[in-house]
Amino acid sequence: MKSETVNTHGAVGQRKTCDCCSETGEGIHVEIFDTFDELTPMQQQWDDFVEDNGGDIFLTYDWCRVWWKYYGGNRELKVFVFRNSKKLVGIIPMFFERIWLGPIAVRVGKIVGSDFSLFQFSIPINSSYMRVVVEKLCERIGELSWDIIYIGPIAGLYKDSTVLKDTLVEFFGATSTILVKKENIQTYFQLTDGWDTYLSNLSKRDRGDIRRNYRYVGKIVDCESESVHSDFVDTNHIREAFKEFAEMHQLHWHRAGKAGHFGDWPDAHMFHLELAEVQQKRGRLRLLKVHIDGHCLGYEYCYKVADNYFEILNARSDSTALKHISLGKIVFSELVKKAMGEHVQYIDSMRGKYEHKLRLGGGLFPVANLYITRRKPFIVIRVAAFRFLARFINLCYYRIWFTRIAPRLPLKRRSLWRRWIKSKPLV
């Protein structure tokens, strides 16, 4: 069965639907949308479903929509919506595009938001329908034109990652090559019942360091109060506070000889500012300003979905008077206190292994990347050649030029090359 829909350019698109049997014997209805405008009426339902099924901020409606606004150019959107009767049981936003590296091009399918960012996903699918939803996704993907499908990065705490992988292998195993990589890790903080309990789980050295920093910062800063305070920025001051946060973040990295997040990633400042304003209206933004008697010590830029915080970026003052104080520990400690006040279970601190996060109680979990390559001779050869070029570009452009040579030259730093950003997840 097919029904016509009108996309944002006024052209007539096709919304494909089908029915199948779920694991419980009930019918599953699948719709494929090619614009976010079509999905606006179900925004609240989409977001409620993400929260109810252990999803994260990165696959909420507005996050996907704003990401697509900035990074969806020349890409083909395919949002797969699965229902059991009228009950929503799965949402998988994807896109397809052709990526060229020199004379080689491959057609790729990815999750919305999987590049131009450092995020990872818990794919919103009702666990009771996990296998059948993935099977029907595979059927629909199989009808499209592609050489390689990239599903990831999959969050370390995503509870259904094994079922997802096994179902993909069962469906595509006879016709495609399935590759699973766990090269990256991410850090989570599992919170306790109170601040004193949190501190007691740290080493004696780190526990004492945090207390000393709190004790000394008020004495170093010329102020009447020695108490550190923290507040979430309210709606009326988002732009002003975000500007201060971004400038503080950039100044710290510039002094370290690096471009900082807003310099490295194309359109990052406008993307995150619009996200912050939109998500603030939904009650999810947690832009925390830490200060003492009017002196800003730093910021934590986070979002809250369900019982989790998602720590995106942070910033801390580079005041010479405070250089002997570990402001990062104070700023993060204030975030932990706020999270405990909202009964948050986990702080997702994104990808990467950082010693200071481990010392503050962080735990490491593997991030999975799944690749499906069609097992046809010309496709196999083309994908292999593409990956070889992508690895070569990653070595020469990113590892040698961008990270080692460019910072030493008296040149204006440019943001990361978009072609590298698109091809890097496929290496």
# chains A, B, ... in the order shown; residues from 1 in each chain; ligands from 1
call {"tool": "residues_around", "arguments": {"residues": "Leu327 in chain A", "least_positions_apart": "2", "cutoff": "8 Å", "atoms": "only C-alpha atoms", "output": "ChimeraX atom specification"}}
result
/A:213,297-298,316-317,322,325,329-331
call {"tool": "residues_around", "arguments": {"residues": "Pro103 in chain A", "least_positions_apart": "3", "cutoff": "12 Å", "atoms": "only C-alpha atoms", "output": "PyMOL selection string"}}
result
chain A and resi 99-100+106+382+385-386+389
call {"tool": "write_last_selection", "arguments": {"atoms": "C-alpha atoms", "output": "compact mmCIF listing (two decimals), in the first residue's frame"}}
result
# COMPACT_ATOMS: atom_id res chain seq x y z
CA ILE A 99 30.22 10.24 -0.94
CA TRP A 100 33.10 10.85 -3.35
CA VAL A 106 29.99 4.85 -2.44
CA ARG A 382 34.47 -0.16 -4.55
CA ALA A 385 38.99 1.14 -2.38
CA PHE A 386 36.93 3.85 -0.70
CA LEU A 389 41.38 6.25 0.48
call {"tool": "closest_residue", "arguments": {"among": "A:Leu364, A:Cys296, A:Ile32, A:Leu179", "to": "Leu144 in chain A", "atoms": "only C-alpha atoms"}}
result
A:Ile32
call {"tool": "atom_distance", "arguments": {"atom1": "CA of Trp195 in chain A", "atom2": "CA of Ile210 in chain A"}}
result
12.0 Å
call {"tool": "residues_around", "arguments": {"residues": "Arg211 in chain A", "least_positions_apart": "4", "cutoff": "10 Å", "atoms": "only C-alpha atoms", "output": "JSON, numbers by chain"}}
result
{"A": [199, 206, 207, 215, 216, 329, 330]}
call {"tool": "write_last_selection", "arguments": {"atoms": "N, CA and C atoms", "output": "PDB file, in the first residue's frame"}}
result
ATOM      1  N   LEU A 199      31.369  11.365  47.159  1.00  0.00           N
ATOM      2  CA  LEU A 199      32.755  11.654  47.533  1.00  0.00           C
ATOM      3  C   LEU A 199      33.433  10.433  48.146  1.00  0.00           C
ATOM      4  N   ASP A 206      41.703  12.353  45.619  1.00  0.00           N
ATOM      5  CA  ASP A 206      40.770  13.146  44.820  1.00  0.00           C
ATOM      6  C   ASP A 206      39.688  13.777  45.683  1.00  0.00           C
ATOM      7  N   ARG A 207      39.270  13.056  46.703  1.00  0.00           N
ATOM      8  CA  ARG A 207      38.277  13.597  47.632  1.00  0.00           C
ATOM      9  C   ARG A 207      38.834  14.834  48.338  1.00  0.00           C
ATOM     10  N   ARG A 215      37.576  25.107  49.159  1.00  0.00           N
ATOM     11  CA  ARG A 215      37.976  25.917  50.308  1.00  0.00           C
ATOM     12  C   ARG A 215      38.829  27.118  49.895  1.00  0.00           C
ATOM     13  N   TYR A 216      39.681  26.936  48.870  1.00  0.00           N
ATOM     14  CA  TYR A 216      40.636  27.969  48.511  1.00  0.00           C
ATOM     15  C   TYR A 216      40.138  28.947  47.465  1.00  0.00           C
ATOM     16  N   LYS A 329      37.181  20.494  38.306  1.00  0.00           N
ATOM     17  CA  LYS A 329      36.611  19.617  39.330  1.00  0.00           C
ATOM     18  C   LYS A 329      35.464  20.304  40.066  1.00  0.00           C
ATOM     19  N   ILE A 330      35.621  21.606  40.316  1.00  0.00           N
ATOM     20  CA  ILE A 330      34.548  22.335  40.980  1.00  0.00           C
ATOM     21  C   ILE A 330      33.319  22.411  40.094  1.00  0.00           C
TER      22      ILE A 330
END
call {"tool": "residues_around", "arguments": {"residues": "range 341-355 of chain A", "least_positions_apart": "3", "cutoff": "6 Å", "atoms": "only C-alpha atoms", "output": "list in words"}}
result
Ile185, Gln186, Thr187, Tyr188, Phe189, Gln190, Leu191, Asp307, Asn308, Tyr309, Phe310, Glu311, Lys338 and Leu358 of chain A
call {"tool": "closest_residue", "arguments": {"among": "A:Phe388, A:Tyr371, A:Trp417, A:Tyr158", "to": "Trp401 in chain A", "atoms": "only C-alpha atoms"}}
result
A:Trp417
call {"tool": "decode", "arguments": {"residues": "range 71-86 of chain A", "atoms": "N, CA and C atoms", "output": "mmCIF file, in the first residue's frame"}}
result
data_model
loop_
_atom_site.group_PDB
_atom_site.id
_atom_site.type_symbol
_atom_site.label_atom_id
_atom_site.label_comp_id
_atom_site.auth_asym_id
_atom_site.auth_seq_id
_atom_site.Cartn_x
_atom_site.Cartn_y
_atom_site.Cartn_z
ATOM 1 N N TYR A 71 23.163 20.105 8.542
ATOM 2 C CA TYR A 71 24.071 19.117 7.936
ATOM 3 C C TYR A 71 23.385 18.155 6.971
ATOM 4 N N GLY A 72 22.144 18.434 6.623
ATOM 5 C CA GLY A 72 21.417 17.518 5.744
ATOM 6 C C GLY A 72 21.474 17.861 4.275
ATOM 7 N N GLY A 73 22.270 18.862 3.893
ATOM 8 C CA GLY A 73 22.335 19.269 2.495
ATOM 9 C C GLY A 73 22.793 18.147 1.571
ATOM 10 N N ASN A 74 22.108 17.994 0.443
ATOM 11 C CA ASN A 74 22.443 16.966 -0.569
ATOM 12 C C ASN A 74 22.385 15.551 -0.003
ATOM 13 N N ARG A 75 21.549 15.354 0.990
ATOM 14 C CA ARG A 75 21.341 14.044 1.583
ATOM 15 C C ARG A 75 19.859 13.708 1.519
ATOM 16 N N GLU A 76 19.550 12.430 1.476
ATOM 17 C CA GLU A 76 18.176 11.959 1.303
ATOM 18 C C GLU A 76 17.664 11.397 2.627
ATOM 19 N N LEU A 77 16.689 12.073 3.215
ATOM 20 C CA LEU A 77 16.165 11.677 4.516
ATOM 21 C C LEU A 77 15.195 10.504 4.400
ATOM 22 N N LYS A 78 15.317 9.546 5.318
ATOM 23 C CA LYS A 78 14.390 8.423 5.421
ATOM 24 C C LYS A 78 14.159 8.144 6.911
ATOM 25 N N VAL A 79 13.029 8.603 7.423
ATOM 26 C CA VAL A 79 12.697 8.342 8.822
ATOM 27 C C VAL A 79 11.699 7.193 8.867
ATOM 28 N N PHE A 80 12.097 6.079 9.463
ATOM 29 C CA PHE A 80 11.270 4.877 9.544
ATOM 30 C C PHE A 80 10.489 4.900 10.857
ATOM 31 N N VAL A 81 9.160 4.873 10.745
ATOM 32 C CA VAL A 81 8.281 4.907 11.921
ATOM 33 C C VAL A 81 7.476 3.609 11.943
ATOM 34 N N PHE A 82 7.545 2.896 13.048
ATOM 35 C CA PHE A 82 6.901 1.590 13.191
ATOM 36 C C PHE A 82 5.792 1.677 14.236
ATOM 37 N N ARG A 83 4.632 1.130 13.897
ATOM 38 C CA ARG A 83 3.495 1.141 14.817
ATOM 39 C C ARG A 83 2.860 -0.248 14.903
ATOM 40 N N ASN A 84 2.370 -0.546 16.083
ATOM 41 C CA ASN A 84 1.520 -1.696 16.309
ATOM 42 C C ASN A 84 0.121 -1.128 16.492
ATOM 43 N N SER A 85 -0.716 -1.228 15.439
ATOM 44 C CA SER A 85 -1.970 -0.495 15.407
ATOM 45 C C SER A 85 -1.626 0.985 15.520
ATOM 46 N N LYS A 86 -2.103 1.689 16.540
ATOM 47 C CA LYS A 86 -1.762 3.104 16.703
ATOM 48 C C LYS A 86 -0.610 3.313 17.674
#
